[in-house]
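Scroll down for the structure; my scribbles are underneath it.
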Amino acid sequence: MSERLDVGFVPAECPGAAGTGAVRTSTLLIERLSQHHDLTVYVSSQMDSSTASLPAEDRVDYVIHDNLPKLPHPLTNKIDTLGEEIDALERHELVHSYSSAFIPVLAEIETPTLSTLNSYLPVCPKADMMYHGERKCSGPGRLKCASCVPATALKRRQGVDAELRGGYVSLGQIGFVFESIDRAWEIDAYHALSPHLVEDFGSLGFPDDRIEVIPHFYDEAFATIGDSPEGTTPTPGDDGPITLLYVGALQDIKGVHVLVRGLAHVLNRGYDAELHVAGSGPYEEQLHELARELGVDADIQWLGYVDHDELATVYNDADVFVYPGLLDEPFGRVLLEALSTRTPILASDVGSTDYIVGPAGERFTAGDPSALADAFERLTEEYTAHYDAIPSHIERFAPETVEQAFSERYRAVAAE
C-alpha cells in the first residue's frame, strides 16, 4: 500500500459553501487531507455548488450532484443519488463519508469504509437525541419518534412554516434511523468527534470497538490573533465591562435564554458586564422580550449574523466566550474558535465540553442561570490561569495533530 491512498470522500453538503460547522469542517479536511492522499469528492446536496468556493485543486477531483430536489424527501434524494455512484466508489482504496447520512450507501460497498459520526441523525430522526425537546432520549422507537417529532416542534415555537417543514423532514427520517442501526455493523470503521459519542452510539447498537475519537482541528484563520500585546495577560474589566460573547444560532436548544438570565444574575451580583450575541434564528424575538423583561436589554449588543471572515475579530474583542447549550452536541466548533483566539470559556456540562474546554474555562449545570453566574465568578477569579492554559491545551486540536490521526486511521482501515 502506498503512502498516498486513493480515497473517495463524501462531505457534508457542498464544501466551500456557507453553512453549518460540518460543512466548514468538510472544507478544511479536504484542504488538509489532499496534501497526503488523492481525493475524489462526491457531493450529493441540495445546495448550489456554483455559489461555493470548492477547496483544493491539486490531486482532488469532484463528482458533483447539486441542486437536488427536496421532494419527496431531501435525505432520501441525497442517499439515492450517492447510491448511483457505488461502482465508482468501489474503485477507491477507502471510502470515507464525513456525513452521518450515508450509512445505507456505505453498507453496500465492498471497499473498506469509514463513516464519521458528527450528528445523531443515524439514531434520531431530529438529530438531537432530545425527547420532546426536554431531556436526553434513551433511544428510538417508531411510535416514540412519531410522537416526539410534532411535540418538539410545537414546544420550540419556530413558526408554523418552520415547524411544518421540520416535522415533515424528521418524520421522513424515521425509517432511515432504523435502517442505519440495522446496518451499523456493515461499516468497517467509525470516526467520532468526541468521547461521549462512542458511548451514546455503542448503547444504541453500533460497534463501539470500531469507533475512534478524532476531534475537529482549529481553523488557522482564527489563530492569527488572540494574544495580548507583549505577551501580557489581559485583566477583564480593567478598561470597561467584562465582555461575554455568544456565537451561534438563536434557538431554544442552544440555551441562549439561560445565558440572558445568567447575565441578569451576574449584574445583580455587582459585576460590570455586557453580552455580545452574534447570530440569528427563530428564537430571536423571544430573547429580546426576555432581555427587556429582565431589564438587561441595554447590557446586550445584538450583532445579528456575522460573516465567518469577521468572526475572529468578534472573539478577540471578548473577554469570555459562553457556550450555554442544552443538548449533547457532537462537538461544538465554536469552542475551538474561542480557544484559537485565546478566549477563556464558560460552558454548560453537556456532551464532551470537559474534553474540549479542559483547563481553559469553567463549566456549569446546563439550564441553570445561577450556576452560570457561579462559573462566571470562578472564571474571573482565576482568569490568568485559564488564559495561560490555552496554548498547551489547544495543541490536541492542532491541524497537524488531527491530520496525522486521520492518515493513520485511513491506512489502518484500508489495510484491514
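FYI, nothing fancy with the C-alpha cells labels: chains A, B, ... in order, residues from 1 per chain, ligands from 1 as they appear.
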
Using DSSP secondary structure from the backbone, list all strand (DSSP E or B) positions within region 147-292 of chain A, as a count of residues only.
19

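Of the residues in region 220-302 of chain A, those given alpha helix (DSSP H) by DSSP on the backbone are Val256, His257, Val258, Leu259, Val260, Arg261, Gly262, Leu263, Ala264, His265, Val266, Leu267, Asn268, Glu284, Glu285, Gln286, Leu287, His288, Glu289, Leu290, Ala291, Arg292, Glu293 and Leu294 of chain A.
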
Only C-alpha atoms, please: the residues just picked out, written as a CSV table (one decimal), in the first residue's frame.
chain,number,residue,atom,x,y,z
A,256,VAL,CA,-29.3,31.5,24.9
A,257,HIS,CA,-32.2,32.2,27.1
A,258,VAL,CA,-30.2,30.7,30.0
A,259,LEU,CA,-27.4,33.0,29.1
A,260,VAL,CA,-29.6,36.1,29.2
A,261,ARG,CA,-30.9,35.0,32.6
A,262,GLY,CA,-27.4,34.3,33.7
A,263,LEU,CA,-26.3,37.8,32.7
A,264,ALA,CA,-29.0,39.2,35.0
A,265,HIS,CA,-27.6,37.2,37.9
A,266,VAL,CA,-24.1,38.4,37.1
A,267,LEU,CA,-25.2,42.1,37.0
A,268,ASN,CA,-27.2,41.6,40.2
A,284,GLU,CA,-34.6,35.9,18.4
A,285,GLU,CA,-37.7,37.9,19.3
A,286,GLN,CA,-38.4,35.8,22.4
A,287,LEU,CA,-34.9,36.6,23.5
A,288,HIS,CA,-35.3,40.3,23.0
A,289,GLU,CA,-38.6,40.1,25.0
A,290,LEU,CA,-36.8,38.2,27.8
A,291,ALA,CA,-34.0,40.7,27.9
A,292,ARG,CA,-36.5,43.6,28.2
A,293,GLU,CA,-38.4,41.7,30.9
A,294,LEU,CA,-35.3,41.2,33.0

Find the spatial neighbours of Cys124 (chain A), counting only C-alpha atoms, within a cut-off of 9 Å - ignore same-chain residues fewer than 6 positions away - and output them as a PyMOL selection string.
chain A and resi 130+137+139-140+145+170+173-174+177

Can you list, as JSON, numbers by chain, every protein, DNA or RNA residue that comes within 6 Å of region 295-311 of chain A when you count only C-alpha atoms, leaving out same-chain residues fewer than 2 positions away?
{"A": [274, 275, 276, 277, 278, 279, 280, 291, 292, 293, 313, 314]}

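Closest to Arg411 (chain A) among A:Leu94, A:Leu204, A:Ala273, A:Leu327 is A:Leu94, based on only C-alpha atoms.
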
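In this comparison, which uses only C-alpha atoms, the residue of A:Ile64, A:Ala338, A:Ala318, A:Ala312 approaching Asp48 (chain A) most closely is A:Ile64.
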
If we count only C-alpha atoms and set the cut-off at 9 Å, which residues sit around Asn67 (chain A), ignoring sequence neighbours fewer than 4 positions away in its own chain? Please answer as a PyMOL selection string.
chain A and resi 44-49

Can you spit out the residues from that selection as a short mmCIF file (atom, residue, chain, number, x, y, z; two decimals), in the first residue's frame, using N, CA and C atoms?
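Listed below is the output, again_10.cif:
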data_model
loop_
_atom_site.label_atom_id
_atom_site.label_comp_id
_atom_site.auth_asym_id
_atom_site.auth_seq_id
_atom_site.Cartn_x
_atom_site.Cartn_y
_atom_site.Cartn_z
N SER A 44 -23.29 15.21 -2.83
CA SER A 44 -24.71 14.89 -3.03
C SER A 44 -25.50 15.85 -2.16
N SER A 45 -26.04 16.91 -2.76
CA SER A 45 -26.51 18.04 -1.96
C SER A 45 -27.64 18.80 -2.64
N GLN A 46 -28.47 19.41 -1.81
CA GLN A 46 -29.47 20.34 -2.32
C GLN A 46 -28.88 21.73 -2.56
N MET A 47 -27.66 21.95 -2.13
CA MET A 47 -27.00 23.24 -2.33
C MET A 47 -26.62 23.44 -3.79
N ASP A 48 -26.35 24.68 -4.14
CA ASP A 48 -25.89 25.02 -5.48
C ASP A 48 -24.37 25.18 -5.43
N SER A 49 -23.64 24.28 -6.07
CA SER A 49 -22.18 24.30 -5.99
C SER A 49 -21.59 25.52 -6.68
#

Distance query His37 (chain A) at most 10 Å, only C-alpha atoms, self and fewer than 3 positions along chain excluded, as a PyMOL selection string
chain A and resi 2-7+30+32-34+40+59-60+407+410

Residues within 9 Å of Glu212 (chain A), please, as a JSON list (two decimals) with C-alpha atoms, in the first residue's frame. Count only C-alpha atoms; anything in the same chain fewer than 5 positions from it doesn't count.
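Printed below is selection_12.json as written:
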[["chain", "number", "residue", "atom", "x", "y", "z"],
["A", 189, "ALA", "CA", -14.87, 1.68, 10.95],
["A", 190, "TYR", "CA", -16.24, 4.84, 12.51],
["A", 191, "HIS", "CA", -14.83, 8.21, 13.41],
["A", 192, "ALA", "CA", -16.40, 10.12, 16.31],
["A", 193, "LEU", "CA", -15.76, 13.78, 17.02],
["A", 194, "SER", "CA", -15.72, 13.44, 20.79],
["A", 195, "PRO", "CA", -15.73, 10.77, 23.52],
["A", 198, "VAL", "CA", -18.68, 6.48, 21.45],
["A", 409, "ARG", "CA", -6.88, 5.80, 10.65]]

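Going from CA of Val41 (chain A) to CA of Leu71 (chain A) covers 24.4 Å.
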
Across A:Ala405, A:Ile253, A:Val413, A:Val334, the smallest distance to Arg210 (chain A), with only C-alpha atoms counted, is shown by A:Val413
